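Structure data follow from input_27.cif (mmCIF, C-alpha atoms):
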data_model
#
loop_
_atom_site.group_PDB
_atom_site.id
_atom_site.type_symbol
_atom_site.label_atom_id
_atom_site.label_comp_id
_atom_site.auth_asym_id
_atom_site.auth_seq_id
_atom_site.Cartn_x
_atom_site.Cartn_y
_atom_site.Cartn_z
ATOM 1 C CA MET A 1 -5.113 -14.881 12.045
ATOM 2 C CA LEU A 2 -5.755 -15.314 8.332
ATOM 3 C CA GLN A 3 -9.178 -14.320 7.065
ATOM 4 C CA GLN A 4 -10.371 -15.574 3.685
ATOM 5 C CA VAL A 5 -11.868 -12.796 1.562
ATOM 6 C CA ALA A 6 -12.163 -14.585 -1.803
ATOM 7 C CA GLU A 7 -11.347 -17.948 -3.331
ATOM 8 C CA GLY A 8 -7.650 -18.522 -2.705
ATOM 9 C CA VAL A 9 -7.130 -15.063 -1.166
ATOM 10 C CA TRP A 10 -6.599 -14.286 2.529
ATOM 11 C CA ILE A 11 -5.653 -11.228 4.548
ATOM 12 C CA HIS A 12 -3.810 -10.810 7.827
ATOM 13 C CA GLU A 13 -4.721 -7.545 9.572
ATOM 14 C CA SER A 14 -2.209 -5.747 11.769
ATOM 15 C CA GLU A 15 -3.192 -3.553 14.691
ATOM 16 C CA PHE A 16 -1.275 -0.618 13.180
ATOM 17 C CA LEU A 17 -3.779 1.337 11.091
ATOM 18 C CA GLN A 18 -5.589 -1.855 10.092
ATOM 19 C CA SER A 19 -2.694 -2.784 7.803
ATOM 20 C CA ASN A 20 -3.495 -5.677 5.484
ATOM 21 C CA ALA A 21 -1.015 -8.333 4.409
ATOM 22 C CA VAL A 22 -2.420 -10.312 1.471
ATOM 23 C CA VAL A 23 -1.889 -14.006 0.709
ATOM 24 C CA VAL A 24 -2.730 -15.444 -2.719
ATOM 25 C CA GLN A 25 -2.820 -19.197 -3.340
ATOM 26 C CA GLY A 26 -0.706 -20.418 -6.244
ATOM 27 C CA SER A 27 -0.001 -23.842 -7.701
ATOM 28 C CA VAL A 28 2.779 -24.820 -5.270
ATOM 29 C CA GLY A 29 2.800 -22.017 -2.712
ATOM 30 C CA VAL A 30 1.599 -18.492 -2.047
ATOM 31 C CA LEU A 31 2.261 -14.945 -3.132
ATOM 32 C CA LEU A 32 2.710 -12.699 -0.086
ATOM 33 C CA ILE A 33 1.935 -9.001 -0.543
ATOM 34 C CA ASP A 34 2.944 -6.274 1.925
ATOM 35 C CA PRO A 35 3.442 -8.412 5.066
ATOM 36 C CA GLY A 36 3.518 -6.526 8.376
ATOM 37 C CA ILE A 37 3.840 -4.997 10.794
ATOM 38 C CA THR A 38 5.551 -6.008 14.056
ATOM 39 C CA ARG A 39 7.913 -8.946 14.599
ATOM 40 C CA ASP A 40 5.208 -10.809 16.516
ATOM 41 C CA GLU A 41 2.601 -10.231 13.815
ATOM 42 C CA LEU A 42 4.983 -11.368 11.098
ATOM 43 C CA ALA A 43 5.763 -14.485 13.122
ATOM 44 C CA VAL A 44 2.060 -15.211 13.540
ATOM 45 C CA LEU A 45 1.539 -14.820 9.788
ATOM 46 C CA ALA A 46 4.404 -17.238 9.132
ATOM 47 C CA SER A 47 2.874 -19.710 11.603
ATOM 48 C CA ASP A 48 -0.549 -19.425 9.975
ATOM 49 C CA LEU A 49 0.955 -20.194 6.576
ATOM 50 C CA HIS A 50 2.794 -23.179 8.040
ATOM 51 C CA GLU A 51 -0.455 -24.516 9.506
ATOM 52 C CA LEU A 52 -2.028 -24.223 6.053
ATOM 53 C CA GLY A 53 0.876 -26.221 4.662
ATOM 54 C CA GLN A 54 1.872 -23.313 2.455
ATOM 55 C CA SER A 55 5.300 -21.899 1.646
ATOM 56 C CA VAL A 56 5.958 -18.441 0.240
ATOM 57 C CA VAL A 57 7.090 -18.685 -3.390
ATOM 58 C CA ALA A 58 6.969 -14.953 -4.194
ATOM 59 C CA GLY A 59 6.552 -11.638 -2.422
ATOM 60 C CA PHE A 60 5.533 -8.185 -3.589
ATOM 61 C CA SER A 61 5.831 -4.676 -2.154
ATOM 62 C CA THR A 62 3.193 -2.343 -3.535
ATOM 63 C CA HIS A 63 5.289 0.765 -2.846
ATOM 64 C CA PRO A 64 8.471 1.940 -1.096
ATOM 65 C CA HIS A 65 7.103 2.982 2.293
ATOM 66 C CA TRP A 66 8.473 1.257 5.399
ATOM 67 C CA ASP A 67 5.269 -0.591 6.310
ATOM 68 C CA HIS A 68 5.182 -2.246 2.880
ATOM 69 C CA MET A 69 8.805 -3.434 2.752
ATOM 70 C CA LEU A 70 8.942 -5.749 5.774
ATOM 71 C CA TRP A 71 9.833 -9.423 5.844
ATOM 72 C CA HIS A 72 10.480 -12.330 8.220
ATOM 73 C CA ALA A 73 13.103 -15.065 7.959
ATOM 74 C CA ALA A 74 10.381 -17.710 8.336
ATOM 75 C CA PHE A 75 8.947 -16.653 4.959
ATOM 76 C CA GLY A 76 12.081 -18.039 3.323
ATOM 77 C CA GLU A 77 14.145 -16.705 0.449
ATOM 78 C CA ALA A 78 11.483 -16.324 -2.220
ATOM 79 C CA PRO A 79 11.987 -13.408 -4.638
ATOM 80 C CA ARG A 80 10.319 -10.237 -3.406
ATOM 81 C CA TYR A 81 9.220 -8.051 -6.289
ATOM 82 C CA GLY A 82 8.325 -4.424 -6.793
ATOM 83 C CA THR A 83 8.028 -2.139 -9.784
ATOM 84 C CA ALA A 84 11.254 -0.726 -11.200
ATOM 85 C CA ARG A 85 10.510 2.733 -9.771
ATOM 86 C CA CYS A 86 9.516 1.341 -6.389
ATOM 87 C CA THR A 87 12.727 -0.657 -6.174
ATOM 88 C CA ALA A 88 14.868 2.293 -7.273
ATOM 89 C CA ALA A 89 13.327 4.474 -4.552
ATOM 90 C CA SER A 90 13.898 1.758 -1.950
ATOM 91 C CA LYS A 91 17.523 1.211 -2.953
ATOM 92 C CA GLU A 92 18.230 4.933 -2.910
ATOM 93 C CA ALA A 93 16.855 5.257 0.618
ATOM 94 C CA LEU A 94 18.809 2.244 1.872
ATOM 95 C CA SER A 95 22.049 3.427 0.248
ATOM 96 C CA HIS A 96 22.614 6.017 2.980
ATOM 97 C CA ALA A 97 24.689 4.891 5.945
ATOM 98 C CA ASP A 98 22.232 6.455 8.392
ATOM 99 C CA TRP A 99 19.049 5.114 6.749
ATOM 100 C CA LYS A 100 18.027 3.141 9.821
ATOM 101 C CA ALA A 101 18.384 6.099 12.180
ATOM 102 C CA ASN A 102 16.511 8.389 9.797
ATOM 103 C CA LEU A 103 13.682 5.897 9.310
ATOM 104 C CA SER A 104 13.422 5.139 13.024
ATOM 105 C CA GLU A 105 12.538 8.788 13.661
ATOM 106 C CA THR A 106 9.422 8.433 11.478
ATOM 107 C CA LEU A 107 8.083 5.215 12.998
ATOM 108 C CA PRO A 108 5.085 5.223 15.348
ATOM 109 C CA PRO A 109 6.725 5.623 18.769
ATOM 110 C CA ASP A 110 4.506 3.097 20.543
ATOM 111 C CA ILE A 111 5.650 0.234 18.297
ATOM 112 C CA ALA A 112 8.968 1.501 16.892
ATOM 113 C CA ASP A 113 11.030 -1.057 18.813
ATOM 114 C CA GLN A 114 8.818 -3.876 17.504
ATOM 115 C CA ILE A 115 9.373 -3.162 13.796
ATOM 116 C CA PRO A 116 12.145 -5.240 12.199
ATOM 117 C CA LEU A 117 14.512 -2.877 10.407
ATOM 118 C CA ASP A 118 16.920 -5.730 9.808
ATOM 119 C CA ASP A 119 18.883 -7.128 6.869
ATOM 120 C CA LEU A 120 15.654 -8.367 5.259
ATOM 121 C CA PHE A 121 14.039 -4.943 5.206
ATOM 122 C CA GLY A 122 13.461 -3.497 1.743
ATOM 123 C CA GLN A 123 15.278 -6.253 -0.125
ATOM 124 C CA ILE A 124 13.028 -6.203 -3.166
ATOM 125 C CA VAL A 125 13.829 -7.061 -6.770
ATOM 126 C CA GLY A 126 12.775 -4.578 -9.397
ATOM 127 C CA LEU A 127 10.746 -5.907 -12.291
ATOM 128 C CA SER A 128 11.532 -4.553 -15.725
ATOM 129 C CA ALA A 129 9.793 -1.304 -16.565
ATOM 130 C CA ASN A 130 6.284 -1.833 -17.943
ATOM 131 C CA THR A 131 6.065 -5.426 -16.645
ATOM 132 C CA GLU A 132 2.361 -6.242 -16.697
ATOM 133 C CA GLN A 133 2.177 -9.451 -14.632
ATOM 134 C CA ILE A 134 3.876 -10.785 -11.514
ATOM 135 C CA PRO A 135 6.133 -13.680 -12.599
ATOM 136 C CA TRP A 136 4.967 -16.610 -10.505
ATOM 137 C CA ASP A 137 3.196 -19.960 -10.726
ATOM 138 C CA GLY A 138 -0.314 -18.902 -9.762
ATOM 139 C CA PRO A 139 -3.335 -16.962 -10.987
ATOM 140 C CA SER A 140 -2.595 -14.016 -13.233
ATOM 141 C CA VAL A 141 -1.841 -10.917 -11.152
ATOM 142 C CA ARG A 142 -1.920 -7.746 -13.239
ATOM 143 C CA ILE A 143 0.309 -4.883 -12.148
ATOM 144 C CA ILE A 144 -1.415 -1.488 -12.371
ATOM 145 C CA GLU A 145 1.411 0.975 -11.837
ATOM 146 C CA HIS A 146 0.849 4.658 -11.101
ATOM 147 C CA GLN A 147 2.547 7.527 -9.278
ATOM 148 C CA GLY A 148 -0.195 8.373 -6.783
ATOM 149 C CA HIS A 149 0.961 8.284 -3.143
ATOM 150 C CA ALA A 150 4.503 7.015 -3.857
ATOM 151 C CA PRO A 151 6.940 6.412 -6.728
ATOM 152 C CA GLY A 152 6.189 3.242 -8.650
ATOM 153 C CA HIS A 153 3.097 2.424 -6.607
ATOM 154 C CA ALA A 154 1.312 -0.695 -7.850
ATOM 155 C CA ALA A 155 -2.210 -1.924 -7.413
ATOM 156 C CA LEU A 156 -2.551 -5.637 -8.146
ATOM 157 C CA PHE A 157 -5.567 -7.095 -9.914
ATOM 158 C CA ILE A 158 -6.104 -10.840 -9.472
ATOM 159 C CA GLU A 159 -8.425 -11.161 -12.416
ATOM 160 C CA GLU A 160 -9.536 -14.785 -11.930
ATOM 161 C CA ARG A 161 -10.649 -13.994 -8.391
ATOM 162 C CA GLY A 162 -12.044 -10.512 -9.040
ATOM 163 C CA VAL A 163 -9.764 -9.103 -6.319
ATOM 164 C CA LEU A 164 -8.021 -5.734 -6.397
ATOM 165 C CA VAL A 165 -5.161 -5.227 -3.935
ATOM 166 C CA ALA A 166 -5.160 -1.436 -3.863
ATOM 167 C CA GLY A 167 -2.044 -0.649 -1.852
ATOM 168 C CA ASP A 168 -2.439 2.666 -0.063
ATOM 169 C CA LEU A 169 -5.436 3.852 -2.079
ATOM 170 C CA LEU A 170 -9.174 3.297 -1.552
ATOM 171 C CA SER A 171 -9.029 3.173 2.239
ATOM 172 C CA ASP A 172 -12.136 3.585 4.346
ATOM 173 C CA VAL A 173 -10.059 4.790 7.325
ATOM 174 C CA LEU A 174 -7.395 7.061 5.772
ATOM 175 C CA ILE A 175 -7.653 10.093 3.527
ATOM 176 C CA PRO A 176 -5.534 10.085 0.344
ATOM 177 C CA LEU A 177 -1.931 10.840 1.267
ATOM 178 C CA LEU A 178 -0.072 12.463 -1.606
ATOM 179 C CA ASP A 179 3.563 12.224 -2.664
ATOM 180 C CA TRP A 180 4.609 15.831 -2.150
ATOM 181 C CA GLU A 181 8.055 15.242 -3.644
ATOM 182 C CA ALA A 182 6.426 14.595 -7.024
ATOM 183 C CA ALA A 183 6.112 17.344 -9.628
ATOM 184 C CA ASP A 184 2.305 17.144 -9.723
ATOM 185 C CA PRO A 185 1.020 15.100 -6.760
ATOM 186 C CA ILE A 186 -2.630 16.036 -7.277
ATOM 187 C CA GLU A 187 -2.733 15.050 -10.934
ATOM 188 C CA ASP A 188 -0.751 11.876 -10.167
ATOM 189 C CA TYR A 189 -3.346 10.811 -7.616
ATOM 190 C CA LEU A 190 -6.300 11.618 -9.838
ATOM 191 C CA ALA A 191 -4.675 9.646 -12.663
ATOM 192 C CA ALA A 192 -4.225 6.687 -10.309
ATOM 193 C CA LEU A 193 -7.896 6.751 -9.377
ATOM 194 C CA GLN A 194 -8.792 6.835 -13.063
ATOM 195 C CA LEU A 195 -6.748 3.682 -13.664
ATOM 196 C CA LEU A 196 -8.507 1.883 -10.829
ATOM 197 C CA ASP A 197 -11.868 3.107 -12.073
ATOM 198 C CA GLY A 198 -11.013 1.409 -15.363
ATOM 199 C CA VAL A 199 -11.058 -2.067 -13.786
ATOM 200 C CA ALA A 200 -13.898 -1.429 -11.322
ATOM 201 C CA ASP A 201 -16.491 -3.293 -13.403
ATOM 202 C CA ASP A 202 -14.498 -6.513 -12.964
ATOM 203 C CA VAL A 203 -13.716 -6.155 -9.257
ATOM 204 C CA MET A 204 -15.736 -8.037 -6.654
ATOM 205 C CA VAL A 205 -13.409 -7.496 -3.675
ATOM 206 C CA VAL A 206 -11.104 -4.545 -2.944
ATOM 207 C CA ILE A 207 -8.363 -4.833 -0.320
ATOM 208 C CA PRO A 208 -6.827 -1.532 0.798
ATOM 209 C CA GLY A 209 -3.415 -1.348 2.397
ATOM 210 C CA HIS A 210 -5.128 0.045 5.493
ATOM 211 C CA GLY A 211 -8.763 -0.435 6.401
ATOM 212 C CA SER A 212 -11.662 -2.746 5.699
ATOM 213 C CA VAL A 213 -12.080 -5.075 2.762
ATOM 214 C CA GLY A 214 -14.867 -3.841 0.493
ATOM 215 C CA ASP A 215 -17.161 -5.226 -2.190
ATOM 216 C CA ALA A 216 -17.776 -3.922 -5.710
ATOM 217 C CA ASP A 217 -20.172 -1.197 -4.598
ATOM 218 C CA GLN A 218 -17.830 -0.047 -1.857
ATOM 219 C CA MET A 219 -14.964 0.176 -4.309
ATOM 220 C CA ARG A 220 -16.888 2.685 -6.416
ATOM 221 C CA VAL A 221 -17.854 4.637 -3.293
ATOM 222 C CA ARG A 222 -14.216 4.823 -2.253
ATOM 223 C CA ILE A 223 -13.028 5.955 -5.679
ATOM 224 C CA LYS A 224 -15.621 8.727 -5.583
ATOM 225 C CA GLN A 225 -14.731 9.673 -2.011
ATOM 226 C CA ASP A 226 -10.995 9.781 -2.714
ATOM 227 C CA ARG A 227 -11.532 11.828 -5.872
ATOM 228 C CA SER A 228 -13.778 14.260 -3.997
ATOM 229 C CA TYR A 229 -11.182 14.681 -1.256
ATOM 230 C CA ILE A 230 -8.364 15.368 -3.729
ATOM 231 C CA GLN A 231 -10.431 17.922 -5.627
ATOM 232 C CA ALA A 232 -11.481 19.612 -2.394
ATOM 233 C CA LEU A 233 -7.892 19.603 -1.117
ATOM 234 C CA ARG A 234 -6.766 21.327 -4.313
ATOM 235 C CA ASP A 235 -9.292 24.095 -3.609
ATOM 236 C CA GLY A 236 -8.341 24.481 0.064
ATOM 237 C CA GLY A 237 -11.062 22.212 1.477
ATOM 238 C CA GLY A 238 -11.466 18.594 2.452
ATOM 239 C CA ALA A 239 -11.847 19.079 6.195
ATOM 240 C CA ASP A 240 -15.345 17.576 6.079
ATOM 241 C CA ASP A 241 -14.103 14.155 4.959
ATOM 242 C CA PRO A 242 -15.635 11.720 7.501
ATOM 243 C CA ARG A 243 -12.404 9.729 7.774
ATOM 244 C CA LEU A 244 -10.806 12.668 9.568
ATOM 245 C CA SER A 245 -13.168 12.326 12.521
ATOM 246 C CA ALA A 246 -13.188 8.528 12.784
ATOM 247 C CA PRO A 247 -12.248 7.294 16.298
ATOM 248 C CA LEU A 248 -9.089 5.602 15.008
ATOM 249 C CA ASN A 249 -7.765 8.824 13.470
ATOM 250 C CA LYS A 250 -9.244 11.908 15.074
ATOM 251 C CA GLU A 251 -6.192 12.572 17.256
ATOM 252 C CA TRP A 252 -3.703 12.753 14.375
ATOM 253 C CA LEU A 253 -5.201 12.593 10.873
ATOM 254 C CA PRO A 254 -6.628 16.153 10.856
ATOM 255 C CA GLY A 255 -3.065 17.342 11.407
ATOM 256 C CA VAL A 256 -1.953 15.423 8.309
ATOM 257 C CA HIS A 257 -4.765 17.034 6.337
ATOM 258 C CA GLY A 258 -3.624 20.456 7.513
ATOM 259 C CA TRP A 259 -0.054 19.639 6.514
ATOM 260 C CA GLN A 260 -1.212 18.686 3.014
ATOM 261 C CA LEU A 261 -2.996 22.017 2.693
ATOM 262 C CA GLN A 262 0.272 23.704 3.658
ATOM 263 C CA GLN A 263 2.132 21.797 0.945
ATOM 264 C CA ILE A 264 -0.289 23.095 -1.675
ATOM 265 C CA ALA A 265 0.063 26.643 -0.363
ATOM 266 C CA GLN A 266 3.851 26.425 -0.460
ATOM 267 C CA LYS A 267 3.893 25.070 -4.002
ATOM 268 C CA ARG A 268 1.536 27.831 -5.141
ATOM 269 C CA ALA A 269 3.776 30.388 -3.462
ATOM 270 C CA HIS A 270 6.590 29.122 -5.671
ATOM 271 C CA GLY A 271 4.499 29.505 -8.807
ATOM 272 C CA ARG A 272 3.015 26.022 -9.077
ATOM 273 C CA LYS A 273 -0.495 25.999 -10.544
ATOM 274 C CA PHE A 274 -2.981 23.206 -9.980
ATOM 275 C CA ALA A 275 -5.694 22.646 -12.596
#

Take the structure in this file and express it as structure tokens.
Amino acid sequence: MLQQVAEGVWIHESEFLQSNAVVVQGSVGVLLIDPGITRDELAVLASDLHELGQSVVAGFSTHPHWDHMLWHAAFGEAPRYGTARCTAASKEALSHADWKANLSETLPPDIADQIPLDDLFGQIVGLSANTEQIPWDGPSVRIIEHQGHAPGHAALFIEERGVLVAGDLLSDVLIPLLDWEAADPIEDYLAALQLLDGVADDVMVVIPGHGSVGDADQMRVRIKQDRSYIQALRDGGGADDPRLSAPLNKEWLPGVHGWQLQQIAQKRAHGRKFA
């Protein structure tokens, strides 16, 4: 069910980790950002758009992780965009003959058979490097690209509506998850938070990829909380982050935190220094 969060902006929340698909009203249709997660949920989202009398005229994947590259035939054949780096990472992953088998091993086992890894999966079109706006007939959507969490990750700022679509940053239910294949994952994430802090004065609504929609005050709280976690993680801490003990996560997220600490230890063992 679509929930309106700002003028001309709706979300559709999935059961999996409170994943948020975002719908933005344009002149003749909608921009659809990160639709998910199961076949049934995607079908419901398509039905909701049909009931609103809206067609999808553009799509966008904020980053190249499986839960942000899904699609449904009922959305039509609108162009699905991503940053150049995001698209390159997606194409590289899909170029391997066994990509589906490899990806299937990483899916949540309770819903793995409900996730459509079909011919529509990951079929995104890379925008030219340094593209600043999504090319579509609707309100200006600024692309804020960074390398925190994943290659070519983009937050989207709908300036006319005061809405920031944060991708997998600024969650109230998940700790920051770093891209450990990057050369400097900690600095990349801190730089991403700095970019988002730069638009915070103009944001009235923040939509995370996973979690609850927040207002302007909550956005600043989340930036501070994410920054504090990253800095603590760098120094071997972070276990006191309240998101680790939330009912939704307490069975698995502490293990992810421990794994991130191990990644730092391994990099330091190989001579990597973190400021």

* What does the distance from CA of Leu174 in chain A to CA of Arg243 in chain A come to in Å, to one decimal? -> 6.0 Å

* **Of the listed residues A:Ala84, A:Leu94, A:Leu45, A:Leu190, that which approaches Glu145 in chain A most closely, counting only C-alpha atoms** => A:Ala84

So that each row is one residue of range 83-184 of chain A with an atom at most 12 Å from range 264-268 of chain A, can you give its shortest atom pair and the distance in Å to one decimal, using all atoms listed in the file, rows by chain and rising number, as JSON lines?
{"residue": "A:Leu178", "atom": "CA", "partner": "A:Ile264", "partner_atom": "CA", "distance": 10.6}
{"residue": "A:Asp179", "atom": "CA", "partner": "A:Ile264", "partner_atom": "CA", "distance": 11.6}
{"residue": "A:Trp180", "atom": "CA", "partner": "A:Ile264", "partner_atom": "CA", "distance": 8.8}
{"residue": "A:Glu181", "atom": "CA", "partner": "A:Lys267", "partner_atom": "CA", "distance": 10.7}
{"residue": "A:Ala182", "atom": "CA", "partner": "A:Lys267", "partner_atom": "CA", "distance": 11.2}
{"residue": "A:Ala183", "atom": "CA", "partner": "A:Lys267", "partner_atom": "CA", "distance": 9.8}
{"residue": "A:Asp184", "atom": "CA", "partner": "A:Lys267", "partner_atom": "CA", "distance": 9.9}

Selection from above, C-alpha atoms, as a compact mmCIF listing (two decimals), in the frame of the given file, can you write it?
# COMPACT_ATOMS: atom_id res chain seq x y z
CA LEU A 178 -0.07 12.46 -1.61
CA ASP A 179 3.56 12.22 -2.66
CA TRP A 180 4.61 15.83 -2.15
CA GLU A 181 8.06 15.24 -3.64
CA ALA A 182 6.43 14.60 -7.02
CA ALA A 183 6.11 17.34 -9.63
CA ASP A 184 2.31 17.14 -9.72

* Just give me the gap between CA of Leu31 in chain A and CA of Gly59 in chain A in Å, one decimal is fine. => 5.5 Å

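Distance-wise, CA of Val203 in chain A and CA of Gly162 in chain A end up 4.7 Å apart.
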
Please complete range 137-157 of chain A so it has N, CA and C atoms, and hand it over as an mmCIF file, in the frame of the given file.
data_model
loop_
_atom_site.group_PDB
_atom_site.id
_atom_site.type_symbol
_atom_site.label_atom_id
_atom_site.label_comp_id
_atom_site.auth_asym_id
_atom_site.auth_seq_id
_atom_site.Cartn_x
_atom_site.Cartn_y
_atom_site.Cartn_z
ATOM 1 N N ASP A 137 4.024 -18.831 -10.341
ATOM 2 C CA ASP A 137 3.196 -19.960 -10.726
ATOM 3 C C ASP A 137 1.885 -19.903 -9.942
ATOM 4 N N GLY A 138 0.966 -19.087 -10.434
ATOM 5 C CA GLY A 138 -0.314 -18.902 -9.762
ATOM 6 C C GLY A 138 -1.241 -18.132 -10.665
ATOM 7 N N PRO A 139 -2.397 -17.720 -10.155
ATOM 8 C CA PRO A 139 -3.335 -16.962 -10.987
ATOM 9 C C PRO A 139 -2.693 -15.675 -11.483
ATOM 10 N N SER A 140 -3.129 -15.238 -12.646
ATOM 11 C CA SER A 140 -2.595 -14.016 -13.233
ATOM 12 C C SER A 140 -2.837 -12.829 -12.292
ATOM 13 N N VAL A 141 -1.757 -12.106 -12.001
ATOM 14 C CA VAL A 141 -1.841 -10.917 -11.152
ATOM 15 C C VAL A 141 -1.333 -9.734 -11.962
ATOM 16 N N ARG A 142 -2.264 -8.893 -12.407
ATOM 17 C CA ARG A 142 -1.920 -7.746 -13.239
ATOM 18 C C ARG A 142 -1.379 -6.608 -12.371
ATOM 19 N N ILE A 143 -0.296 -6.019 -12.840
ATOM 20 C CA ILE A 143 0.309 -4.883 -12.148
ATOM 21 C C ILE A 143 -0.237 -3.593 -12.757
ATOM 22 N N ILE A 144 -0.898 -2.784 -11.924
ATOM 23 C CA ILE A 144 -1.415 -1.488 -12.371
ATOM 24 C C ILE A 144 -0.560 -0.419 -11.705
ATOM 25 N N GLU A 145 0.471 0.024 -12.415
ATOM 26 C CA GLU A 145 1.411 0.975 -11.837
ATOM 27 C C GLU A 145 0.934 2.413 -12.040
ATOM 28 N N HIS A 146 1.177 3.230 -11.030
ATOM 29 C CA HIS A 146 0.849 4.658 -11.101
ATOM 30 C C HIS A 146 1.796 5.402 -10.173
ATOM 31 N N GLN A 147 1.660 6.721 -10.120
ATOM 32 C CA GLN A 147 2.547 7.527 -9.278
ATOM 33 C C GLN A 147 1.785 8.225 -8.149
ATOM 34 N N GLY A 148 0.543 7.821 -7.910
ATOM 35 C CA GLY A 148 -0.195 8.373 -6.783
ATOM 36 C C GLY A 148 0.342 7.810 -5.479
ATOM 37 N N HIS A 149 0.548 8.641 -4.493
ATOM 38 C CA HIS A 149 0.961 8.284 -3.143
ATOM 39 C C HIS A 149 2.457 8.028 -2.997
ATOM 40 N N ALA A 150 3.081 7.339 -3.968
ATOM 41 C CA ALA A 150 4.503 7.015 -3.857
ATOM 42 C C ALA A 150 5.046 6.641 -5.228
ATOM 43 N N PRO A 151 6.362 6.778 -5.429
ATOM 44 C CA PRO A 151 6.940 6.412 -6.728
ATOM 45 C C PRO A 151 6.749 4.923 -7.032
ATOM 46 N N GLY A 152 6.315 4.627 -8.238
ATOM 47 C CA GLY A 152 6.189 3.242 -8.650
ATOM 48 C C GLY A 152 5.157 2.441 -7.877
ATOM 49 N N HIS A 153 4.154 3.122 -7.348
ATOM 50 C CA HIS A 153 3.097 2.424 -6.607
ATOM 51 C C HIS A 153 2.364 1.464 -7.548
ATOM 52 N N ALA A 154 2.042 0.284 -7.044
ATOM 53 C CA ALA A 154 1.312 -0.695 -7.850
ATOM 54 C C ALA A 154 0.072 -1.173 -7.125
ATOM 55 N N ALA A 155 -1.048 -1.145 -7.818
ATOM 56 C CA ALA A 155 -2.210 -1.924 -7.413
ATOM 57 C C ALA A 155 -2.109 -3.252 -8.151
ATOM 58 N N LEU A 156 -2.629 -4.299 -7.559
ATOM 59 C CA LEU A 156 -2.551 -5.637 -8.146
ATOM 60 C C LEU A 156 -3.952 -6.176 -8.358
ATOM 61 N N PHE A 157 -4.233 -6.584 -9.580
ATOM 62 C CA PHE A 157 -5.567 -7.095 -9.914
ATOM 63 C C PHE A 157 -5.471 -8.591 -10.204
#
